[in-house]
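Asker: The following block contains the structure, expressed as structure tokens.
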Amino acid sequence: MSNTNIHEWTLLEAAQNIREGKVSSREVTKAILDRISELDPKINSYITVLPEDAMAAAAACDEEQAKGSPLGPLHGVPIGLKDLFCTRGIRTTCGSRALAQFVPPYDAAVAEKVRSSGAVLLGKHNMDEFAMGASTESSWFGPTRNPWKLSCIPGGSSGGTAAAVAASLCFAGVGTDTGGSIRQPASFCGVVGMKPTYGRVSRHGIVALAASLDQAGPLTRSVADAAALLEVIAGHDRRDSTSVNLPVPDYLSATKKPVTGMRIGLPKEYFEIEGLDSGVKAAMERVLKSLTEQGASVVEVSLPHTGYAPSVYCLIASAEASTNVARYDGVRYGFRAEGDQGFAEMMSKTRAELFGEEVKRRIMIGTYALSAEHYDALYVKAQKVRTLIRRDFEEAFQKADVLLTPTTPVTAFPPGEKTKDPLTMYLVEALTMPCNLAGIPGISVPCGFSEEGLPVGAQLLAGSFREETMFAAAGAIERAIPSPRVMPALRVD
Amino acid sequence: MAITREEVRHIARLARIALSDSEVDSFGDQIGKLLDYTKQLDRLDTNAVAPTIHLADTGTLLRDDIVCPFEDTEAILKSATDRAGDFFRVPRILE
């Protein structure tokens, strides 16, 4: 078998080829590690690459297989994790100077599940500092670039994972999505990115951004891969009190189900958003046509509180983030500011040195919203409007099985262009945030390119724990509008 | 909503972040703008609306409080900035 095209395989193809003995895990892992050495200096999608660990794990996989041991579903396949999943003995930085030297003493639930599926961990992916951002520009370890156009951002905060998957620097990755941090970079990088229902995947061992919004999910090069990887990472975990005790369905089969009779809802507010790119709009029309040609019906729905989502998100996410990062106090995580000083002064100076601008800004907003004088007017008010946003979705799902929207109003853009103004940056995630506020699942599926040749993503949203319906629609889009198998040569312009 | 420089300093003290004067200015402006934007929420009458505290219908799940020993204390203490035996050492708290 020719191994020159190993990196073109999907996650499931790689798993199958290894399982059938057509290729060893060592060969596959070596091929991807070589590709990382060659291309990642330009993309910067990894914070940590683990060549020795990965080759040792691959060799162990090959040995197990030779012995005839039972094999996990991802046996021998090299994948990556966003650098906020705690990995025992492997540095976990969360893209921050605050954790640049932090080596967790335990594995996150997602890391445990990925390891027990037989997958080989290649390394940890770059991200916005503490996942606060939508461009992967704020990483202490330098920005990640978009493999489709190196002068553009890859989106974020799971931008390293999306870029690595797009450039075939791993067969799949797991990211996290708090306001769109899986779906938005997936859209910008032309890959599949999926946020499960809140509670579907355990948050144990994830460095938390906003505990009531965070959910881990797959980034892959095919819908079937996303379904297969979700089957691996989903499931109940007593260590996360918000983890839901429901059986994990056969998501992979769901991706092949027909969409005949499926009701596709178009939320009109999502198409009326300011600044909706004409290329994105045209791509949506193609998607809709392909779904109706496959037997789905279309219904217009309204989510009247959509325009309030960025405000609600800004207040709730910042409030939760400010409490979550309170633990970085110069005592337990490997960094303390120099100087002879008392405890409070040490903490203030340490945090001033540790955190980047965006993190400080969100801590400030969150602390303000939670302070006694403003708690009811800001934080509680936001939680009440969050209830209205959830009700909008409940009503919409009376009329529609899934909702179809653009993932983002625009395609990837140059660094600095939108990130300079914090408010504009929140608006880039305006179409992905409501899903997190409601706790429902969402997926971004590649659906063609803009006039500039940059990927466009279609977002599908479904009711809580209706991932199977969503996967069926996603599979139908992918069959009608296949994405290119291989990245073009990395564009530098 | 204007936020005064004194308020910014107060919030920074609560959040334990030492800010430079220029940060106090820039954060003051940016936070003021964001808070202005969130004023849109006041247009909605939410008197009869319950806040979303839990997403799951199950509410808070309880489990038995069982002590599970963690053997690898050394792995935790490796990340200590300063230690004394099996303890994290911190600067003087009381003057």
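Residues are named by chain letter and number: chains run A, B, ... in the order of the structure tokens, numbers start at 1 in each chain, and ligands are numbered from 1 in the order shown.
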From chain B, collect each residue whose DSSP state is alpha helix (DSSP H) and return the set as a PyMOL selection string.
Answerer: chain B and resi 5-14+21-38+73-77
Asker: Taking 3 positions as the minimum chain separation for residues in the same chain, which residues sit within 9 Å of B:Ala2 when counting only C-alpha atoms? Answer as a short mmCIF file (atom, residue, chain, number, x, y, z; two decimals) with N, CA and C atoms, in the first residue's frame.
Answerer:
```cif
data_model
loop_
_atom_site.label_atom_id
_atom_site.label_comp_id
_atom_site.auth_asym_id
_atom_site.auth_seq_id
_atom_site.Cartn_x
_atom_site.Cartn_y
_atom_site.Cartn_z
N GLY B 28 -11.41 51.17 31.58
CA GLY B 28 -12.56 52.00 31.92
C GLY B 28 -13.39 52.30 30.69
N ASP B 29 -12.72 52.71 29.60
CA ASP B 29 -13.44 53.04 28.37
C ASP B 29 -14.11 51.81 27.77
N ILE B 31 -14.87 48.84 29.16
CA ILE B 31 -15.92 48.25 29.99
C ILE B 31 -17.16 49.13 29.93
N GLY B 32 -16.95 50.44 29.93
CA GLY B 32 -18.08 51.37 29.80
C GLY B 32 -18.86 51.10 28.53
N LYS B 33 -18.14 50.90 27.43
CA LYS B 33 -18.80 50.64 26.13
C LYS B 33 -19.58 49.33 26.16
N LEU B 35 -20.76 47.79 28.79
CA LEU B 35 -21.91 47.92 29.68
C LEU B 35 -23.02 48.73 29.02
N ASP B 36 -22.63 49.73 28.24
CA ASP B 36 -23.61 50.50 27.46
C ASP B 36 -24.39 49.56 26.55
#
```
Asker: Compute the chain B side of the contact with chain A at 7 Å, counting only C-alpha atoms, and hand it back as a VMD selection string.
Answerer: chain B and resid 11 to 12 15 to 19 27 31 34 37 to 38 41 46 49 to 52 55 61 75 to 76 79 to 81 88 90 to 93
Asker: Write the residues of the selection above to a file with N, CA, C and O atoms, as a CSV table (one decimal), in the first residue's frame.
Answerer:
```csv
chain,number,residue,atom,x,y,z
B,11,ILE,N,-12.9,47.7,41.3
B,11,ILE,CA,-13.1,46.3,40.8
B,11,ILE,C,-11.7,45.6,40.7
B,11,ILE,O,-11.7,44.4,41.0
B,12,ALA,N,-10.7,46.3,40.3
B,12,ALA,CA,-9.4,45.6,40.1
B,12,ALA,C,-8.9,45.1,41.5
B,12,ALA,O,-8.3,44.1,41.6
B,15,ALA,N,-10.8,42.0,42.2
B,15,ALA,CA,-10.3,40.9,41.4
B,15,ALA,C,-8.9,40.6,41.6
B,15,ALA,O,-8.3,39.7,40.9
B,16,ARG,N,-8.2,41.3,42.5
B,16,ARG,CA,-6.8,41.1,42.8
B,16,ARG,C,-5.9,41.1,41.5
B,16,ARG,O,-5.2,40.2,41.1
B,17,ILE,N,-6.1,42.3,40.8
B,17,ILE,CA,-5.2,42.5,39.6
B,17,ILE,C,-4.6,43.9,39.7
B,17,ILE,O,-5.4,44.9,39.8
B,18,ALA,N,-3.3,44.0,39.8
B,18,ALA,CA,-2.7,45.3,39.8
B,18,ALA,C,-2.7,45.9,38.4
B,18,ALA,O,-2.2,45.3,37.5
B,19,LEU,N,-3.4,47.1,38.2
B,19,LEU,CA,-3.5,47.7,36.9
B,19,LEU,C,-2.6,48.9,36.9
B,19,LEU,O,-2.5,49.7,37.9
B,27,PHE,N,-9.3,50.1,30.2
B,27,PHE,CA,-10.3,49.2,30.6
B,27,PHE,C,-11.6,50.0,31.0
B,27,PHE,O,-12.7,49.6,30.7
B,31,ILE,N,-14.9,48.8,29.2
B,31,ILE,CA,-15.9,48.3,30.0
B,31,ILE,C,-17.2,49.1,29.9
B,31,ILE,O,-18.3,48.6,29.8
B,34,LEU,N,-19.0,48.3,26.7
B,34,LEU,CA,-19.6,47.0,26.8
B,34,LEU,C,-20.9,47.1,27.7
B,34,LEU,O,-21.9,46.5,27.3
B,37,TYR,N,-23.6,48.7,25.9
B,37,TYR,CA,-24.3,47.8,24.9
B,37,TYR,C,-25.2,46.8,25.7
B,37,TYR,O,-26.4,46.6,25.2
B,38,THR,N,-24.9,46.4,26.8
B,38,THR,CA,-25.7,45.4,27.5
B,38,THR,C,-27.0,46.1,28.1
B,38,THR,O,-27.9,45.4,28.6
B,41,LEU,N,-30.7,45.1,27.4
B,41,LEU,CA,-31.5,44.1,28.2
B,41,LEU,C,-32.6,44.8,29.0
B,41,LEU,O,-33.6,44.2,29.3
B,46,THR,N,-38.7,41.5,32.5
B,46,THR,CA,-38.4,40.2,33.0
B,46,THR,C,-38.9,39.9,34.4
B,46,THR,O,-38.4,39.0,35.0
B,49,VAL,N,-40.1,36.5,34.9
B,49,VAL,CA,-39.2,35.4,34.3
B,49,VAL,C,-38.3,34.9,35.3
B,49,VAL,O,-37.6,35.7,36.0
B,50,ALA,N,-38.2,33.6,35.4
B,50,ALA,CA,-37.2,33.0,36.4
B,50,ALA,C,-35.8,32.9,35.7
B,50,ALA,O,-35.7,32.7,34.5
B,51,PRO,N,-34.8,33.2,36.5
B,51,PRO,CA,-33.4,33.2,35.9
B,51,PRO,C,-33.1,31.7,35.6
B,51,PRO,O,-33.5,30.8,36.3
B,52,THR,N,-32.2,31.5,34.6
B,52,THR,CA,-31.7,30.2,34.3
B,52,THR,C,-30.5,29.9,35.2
B,52,THR,O,-29.5,30.6,35.0
B,55,LEU,N,-29.3,24.2,33.5
B,55,LEU,CA,-29.8,23.8,32.2
B,55,LEU,C,-30.5,22.5,32.2
B,55,LEU,O,-31.5,22.3,31.5
B,61,LEU,N,-27.4,17.6,41.4
B,61,LEU,CA,-27.2,16.2,41.7
B,61,LEU,C,-26.3,16.0,42.9
B,61,LEU,O,-25.3,16.7,43.0
B,75,ALA,N,3.0,14.9,42.6
B,75,ALA,CA,2.6,15.4,41.3
B,75,ALA,C,1.9,16.8,41.4
B,75,ALA,O,2.0,17.7,40.6
B,76,ILE,N,1.1,16.9,42.5
B,76,ILE,CA,0.4,18.1,42.8
B,76,ILE,C,1.4,19.2,43.2
B,76,ILE,O,1.3,20.3,42.8
B,79,SER,N,3.7,21.7,41.0
B,79,SER,CA,3.3,22.9,40.5
B,79,SER,C,3.3,24.1,41.5
B,79,SER,O,3.0,25.2,41.3
B,80,ALA,N,3.7,23.7,42.8
B,80,ALA,CA,3.8,24.8,43.8
B,80,ALA,C,4.9,25.8,43.5
B,80,ALA,O,6.0,25.4,43.0
B,81,THR,N,4.6,27.1,43.7
B,81,THR,CA,5.6,28.1,43.5
B,81,THR,C,6.6,28.1,44.7
B,81,THR,O,7.7,28.5,44.6
B,88,PHE,N,1.8,23.9,50.5
B,88,PHE,CA,2.1,25.1,49.7
B,88,PHE,C,2.4,26.2,50.7
B,88,PHE,O,1.7,26.5,51.6
B,90,VAL,N,2.9,30.2,51.4
B,90,VAL,CA,2.4,31.5,50.9
B,90,VAL,C,3.1,32.6,51.7
B,90,VAL,O,3.6,32.4,52.8
B,91,PRO,N,3.2,33.8,51.1
B,91,PRO,CA,3.7,34.9,51.8
B,91,PRO,C,2.9,35.2,53.1
B,91,PRO,O,1.7,34.8,53.2
B,92,ARG,N,3.4,36.1,53.9
B,92,ARG,CA,2.7,36.5,55.2
B,92,ARG,C,1.3,37.0,54.8
B,92,ARG,O,1.2,37.8,53.9
B,93,ILE,N,0.3,36.5,55.5
B,93,ILE,CA,-1.1,36.9,55.2
B,93,ILE,C,-1.5,38.0,56.3
B,93,ILE,O,-2.1,39.0,55.9
```
Asker: Would you list the contacts of A:Gly21 as a PyMOL selection string, taking every protein, DNA or RNA residue within 12 Å and counting only C-alpha atoms, but skipping same-chain residues closer than 5 positions in sequence?
Answerer: chain A and resi 1+14-16+26-28+61-63+65-66+68+75-76
Asker: What does the structure give for the distance between atom CA of A:Leu150 and atom CA of A:Lys418, in Å to one decimal?
Answerer: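 Taking atom CA of A:Leu150 and atom CA of A:Lys418, their separation equals 16.7 Å.
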Asker: For atom CA of A:Val445 and atom CA of A:Ala474, determine how far apart the two atoms are, in Å to one decimal place.
Answerer: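 Atom CA of A:Ala474 lies 6.5 Å from atom CA of A:Val445.
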Asker: Please provide as a ChimeraX atom specification all residues within 9 Å of A:Val259, with the sequence filter that same-chain residues fewer than 5 positions apart are discarded (counting only C-alpha atoms).
Answerer: /A:291-292,294-296,469,472-473,476
Asker: Give me the residues near A:Tyr46 as a ChimeraX atom specification, where near means some atom within 7 Å (using only C-alpha atoms) and where sequence neighbours in that chain fewer than 3 positions away do not count.
Answerer: /A:49,123-126,160
Asker: State, in Å with one decimal place, the distance from atom CA of A:Pro455 to atom CA of A:Val280.
Answerer: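 A separation of 9.2 Å between them.
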Asker: Smallest atom-to-atom distance to A:Pro154: which of A:Trp140, A:Phe271, A:Phe85, A:Phe413, using only C-alpha atoms?
Answerer: A:Phe413
Asker: Could you give me, as a tab-separated table, a per-residue list for stretch 106-207 of chain A showing, wherever an atom lies at most 10 Å from an atom of stretch 425-428 of chain A, the closest pair of atoms and their distance in Å to one decimal, using only C-alpha atoms and sorting by chain then residue number from low to high?
Answerer:
```
residue	atom	partner	partner_atom	distance
A:Gly133	CA	A:Met425	CA	7.8
A:Ala134	CA	A:Met425	CA	7.1
A:Ser135	CA	A:Met425	CA	8.7
A:Gly155	CA	A:Val428	CA	9.5
A:Gly179	CA	A:Tyr426	CA	9.1
A:Gly180	CA	A:Val428	CA	9.3
A:Gln184	CA	A:Val428	CA	8.5
```
Asker: Applying 10 Å and only C-alpha atoms, which residues near A:Arg183 remain after dropping the ones on its own chain fewer than 4 positions away? List them as a PyMOL selection string.
Answerer: chain A and resi 155-158+162+175-177+179+187-189+191-195+217-219+407-408+429+432+442-445+457-459
Asker: Taking C-alpha atoms for each residue, export the selection above as a PDB file, in the first residue's frame.
Answerer:
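As a result, part.pdb now contains:
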```
ATOM      1  CA  GLY A 155     -11.099  31.507  14.395  1.00  0.00           C
ATOM      2  CA  GLY A 156     -11.124  30.457  18.020  1.00  0.00           C
ATOM      3  CA  SER A 157     -10.853  29.674  20.731  1.00  0.00           C
ATOM      4  CA  SER A 158     -10.268  26.106  19.436  1.00  0.00           C
ATOM      5  CA  ALA A 162      -9.417  23.458  13.720  1.00  0.00           C
ATOM      6  CA  GLY A 175     -12.042  21.179  21.425  1.00  0.00           C
ATOM      7  CA  THR A 176     -14.426  23.062  23.687  1.00  0.00           C
ATOM      8  CA  ASP A 177     -17.256  25.414  22.808  1.00  0.00           C
ATOM      9  CA  GLY A 179     -19.967  30.623  22.748  1.00  0.00           C
ATOM     10  CA  SER A 187     -16.309  27.138   9.844  1.00  0.00           C
ATOM     11  CA  PHE A 188     -13.262  29.369   9.237  1.00  0.00           C
ATOM     12  CA  CYS A 189     -10.994  26.346   8.607  1.00  0.00           C
ATOM     13  CA  VAL A 191     -13.781  21.338   8.888  1.00  0.00           C
ATOM     14  CA  VAL A 192     -16.653  19.764  10.818  1.00  0.00           C
ATOM     15  CA  GLY A 193     -17.028  21.020  14.394  1.00  0.00           C
ATOM     16  CA  MET A 194     -19.682  19.889  16.790  1.00  0.00           C
ATOM     17  CA  LYS A 195     -20.888  21.095  20.199  1.00  0.00           C
ATOM     18  CA  GLY A 217     -16.806  18.224  21.216  1.00  0.00           C
ATOM     19  CA  PRO A 218     -15.082  16.844  18.108  1.00  0.00           C
ATOM     20  CA  LEU A 219     -13.386  18.666  15.209  1.00  0.00           C
ATOM     21  CA  THR A 407     -22.175  29.459  11.466  1.00  0.00           C
ATOM     22  CA  THR A 408     -20.685  32.933  11.192  1.00  0.00           C
ATOM     23  CA  GLU A 429     -19.972  34.735  17.585  1.00  0.00           C
ATOM     24  CA  THR A 432     -23.203  30.579  17.743  1.00  0.00           C
ATOM     25  CA  GLY A 442     -24.951  22.517  17.279  1.00  0.00           C
ATOM     26  CA  ILE A 443     -22.673  21.539  14.410  1.00  0.00           C
ATOM     27  CA  SER A 444     -20.822  23.432  11.697  1.00  0.00           C
ATOM     28  CA  VAL A 445     -20.496  21.615   8.369  1.00  0.00           C
ATOM     29  CA  GLY A 457     -19.769  26.731   7.345  1.00  0.00           C
ATOM     30  CA  ALA A 458     -23.443  25.852   7.691  1.00  0.00           C
ATOM     31  CA  GLN A 459     -24.686  25.581  11.262  1.00  0.00           C
TER      32      GLN A 459
END
```
Asker: If we count only C-alpha atoms, what is near A:Asn324 at a cut-off of 9 Å, once residues fewer than 2 positions away on the same chain are taken out, given as a PyMOL selection string?
Answerer: chain A and resi 207-211+319-322+326-328
Asker: Counting only C-alpha atoms, which residue out of A:Val23, A:Ile18, A:Val410, A:Ile36 sits closest to A:Gly279?
Answerer: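 Under the stated criterion, the closest residue is A:Val410.
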Asker: Select from stretch 50-93 of chain B everything DSSP, run on the backbone, classes as strand (DSSP E), then give the selection as JSON, numbers by chain.
Answerer: {"B": [83, 84, 87, 88]}
